$ cat data10.txt   # compact mmCIF, C-alpha atoms
# COMPACT_ATOMS: atom_id res chain seq x y z
CA MET H 1 27.41 89.11 1.23
CA ARG H 2 27.33 89.93 -2.49
CA LYS H 3 31.11 89.77 -2.68
CA PHE H 4 31.09 86.32 -1.10
CA LEU H 5 28.48 85.01 -3.53
CA PHE H 6 30.33 86.52 -6.48
CA LEU H 7 33.68 85.02 -5.44
CA PHE H 8 32.07 81.64 -4.75
CA ALA H 9 30.49 81.61 -8.22
CA VAL H 10 33.74 82.62 -9.91
CA PHE H 11 35.83 79.98 -8.15
CA PHE H 12 33.16 77.30 -8.53
CA PHE H 13 32.88 77.76 -12.30
CA LEU H 14 36.59 78.33 -12.98
CA THR H 15 37.85 75.22 -11.17
CA PRO H 16 37.23 72.77 -14.07
CA ALA H 17 38.79 75.17 -16.58
CA ARG H 18 41.80 75.71 -14.32
CA ASN H 19 42.49 71.97 -14.17
CA ALA H 20 42.69 71.68 -17.95
CA VAL H 21 45.01 74.67 -18.27
CA PHE H 22 47.41 73.78 -15.45
CA ASP H 23 47.75 70.01 -16.01
CA GLU H 24 50.87 68.55 -14.49
CA ARG H 25 52.95 67.09 -17.30
CA CYS H 26 55.45 64.26 -17.05
CA HIS H 27 57.74 62.06 -19.17
CA ARG H 28 59.26 64.74 -21.42
CA LEU H 29 55.94 66.65 -21.47
CA LYS H 30 54.21 63.83 -23.37
CA GLY H 31 52.36 62.28 -20.42
CA THR H 32 49.80 63.61 -17.97
CA CYS H 33 49.65 63.13 -14.18
CA VAL H 34 46.19 61.81 -13.31
CA GLY H 35 44.51 59.65 -10.70
CA TYR H 36 43.89 56.77 -13.10
CA CYS H 37 44.71 56.01 -16.73
CA LYS H 38 42.11 55.63 -19.48
CA LYS H 39 41.72 52.46 -21.57
CA ASN H 40 43.96 53.77 -24.35
CA GLU H 41 46.72 54.89 -21.94
CA GLU H 42 49.45 53.13 -19.99
CA ILE H 43 51.28 53.98 -16.79
CA ILE H 44 54.88 54.94 -17.54
CA ALA H 45 55.92 56.61 -14.27
CA LEU H 46 54.64 57.93 -10.95
CA CYS H 47 53.99 61.59 -10.17
CA GLN H 48 53.74 63.46 -6.91
CA LYS H 49 50.65 63.22 -4.69
CA SER H 50 50.20 59.51 -5.60
CA LEU H 51 49.21 60.26 -9.18
CA LYS H 52 50.14 58.19 -12.21
CA CYS H 53 51.91 59.43 -15.32
CA CYS H 54 49.80 58.18 -18.22
CA LEU H 55 50.80 58.20 -21.88
CA THR H 56 48.43 57.49 -24.76
CA ILE H 57 49.34 54.30 -26.60
CA GLN H 58 49.59 54.41 -30.38
CA PRO H 59 47.30 52.00 -32.26
CA CYS H 60 49.00 49.09 -34.04
CA GLY H 61 50.20 49.84 -37.53
CA LYS H 62 50.38 53.61 -37.11
CA ILE H 63 53.84 54.96 -36.34
CA ARG H 64 54.08 58.57 -35.25
CA GLU H 65 57.27 60.36 -36.14
CA ASP H 66 58.48 63.16 -33.82

$ encode --input "data10.txt" --output "structure tokens"
Amino acid sequence: MRKFLFLFAVFFFLTPARNAVFDERCHRLKGTCVGYCKKNEEIIALCQKSLKCCLTIQPCGKIRED
């Protein structure tokens, strides 16, 4: 029973951290596959599992050089 409780606690607390580490990337590794895009993001493609590929939009007047 102790093993079960220990494993449950480990998996329960590591799930949010795991999502941040193993994000599915898209569009030349600049976008992120998520369920919905934030206000400062736009949909640029579709990912697997009916997710959307969202890319952060640059504010007007600021050009980012890569």

$ atom_distance --input "data10.txt" --atom1 "atom CA of Cys37 of chain H" --atom2 "atom CA of Cys53 of chain H"
8.1 Å

$ atom_distance --input "data10.txt" --atom1 "atom CA of His27 of chain H" --atom2 "atom CA of Lys49 of chain H"
16.2 Å

$ residues_near_point --input "data10.txt" --point "(53.7, 65.2, -17.7)" --cutoff "12 Å" --atoms "only C-alpha atoms" --output "MDAnalysis selection string"
chainID H and resid 22:34 43:48 51:56

$ atom_distance --input "data10.txt" --atom1 "atom CA of Gly35 of chain H" --atom2 "atom CA of Pro59 of chain H"
23.0 Å

$ axis_aligned_box --input "data10.txt" --around "segment 48-58 of chain H" --padding-each-side "6 Å" --output "lines of an AutoDock Vina configuration file"
center_x = 51.1
center_y = 58.9
center_z = -17.5
size_x = 17.3
size_y = 21.2
size_z = 37.7
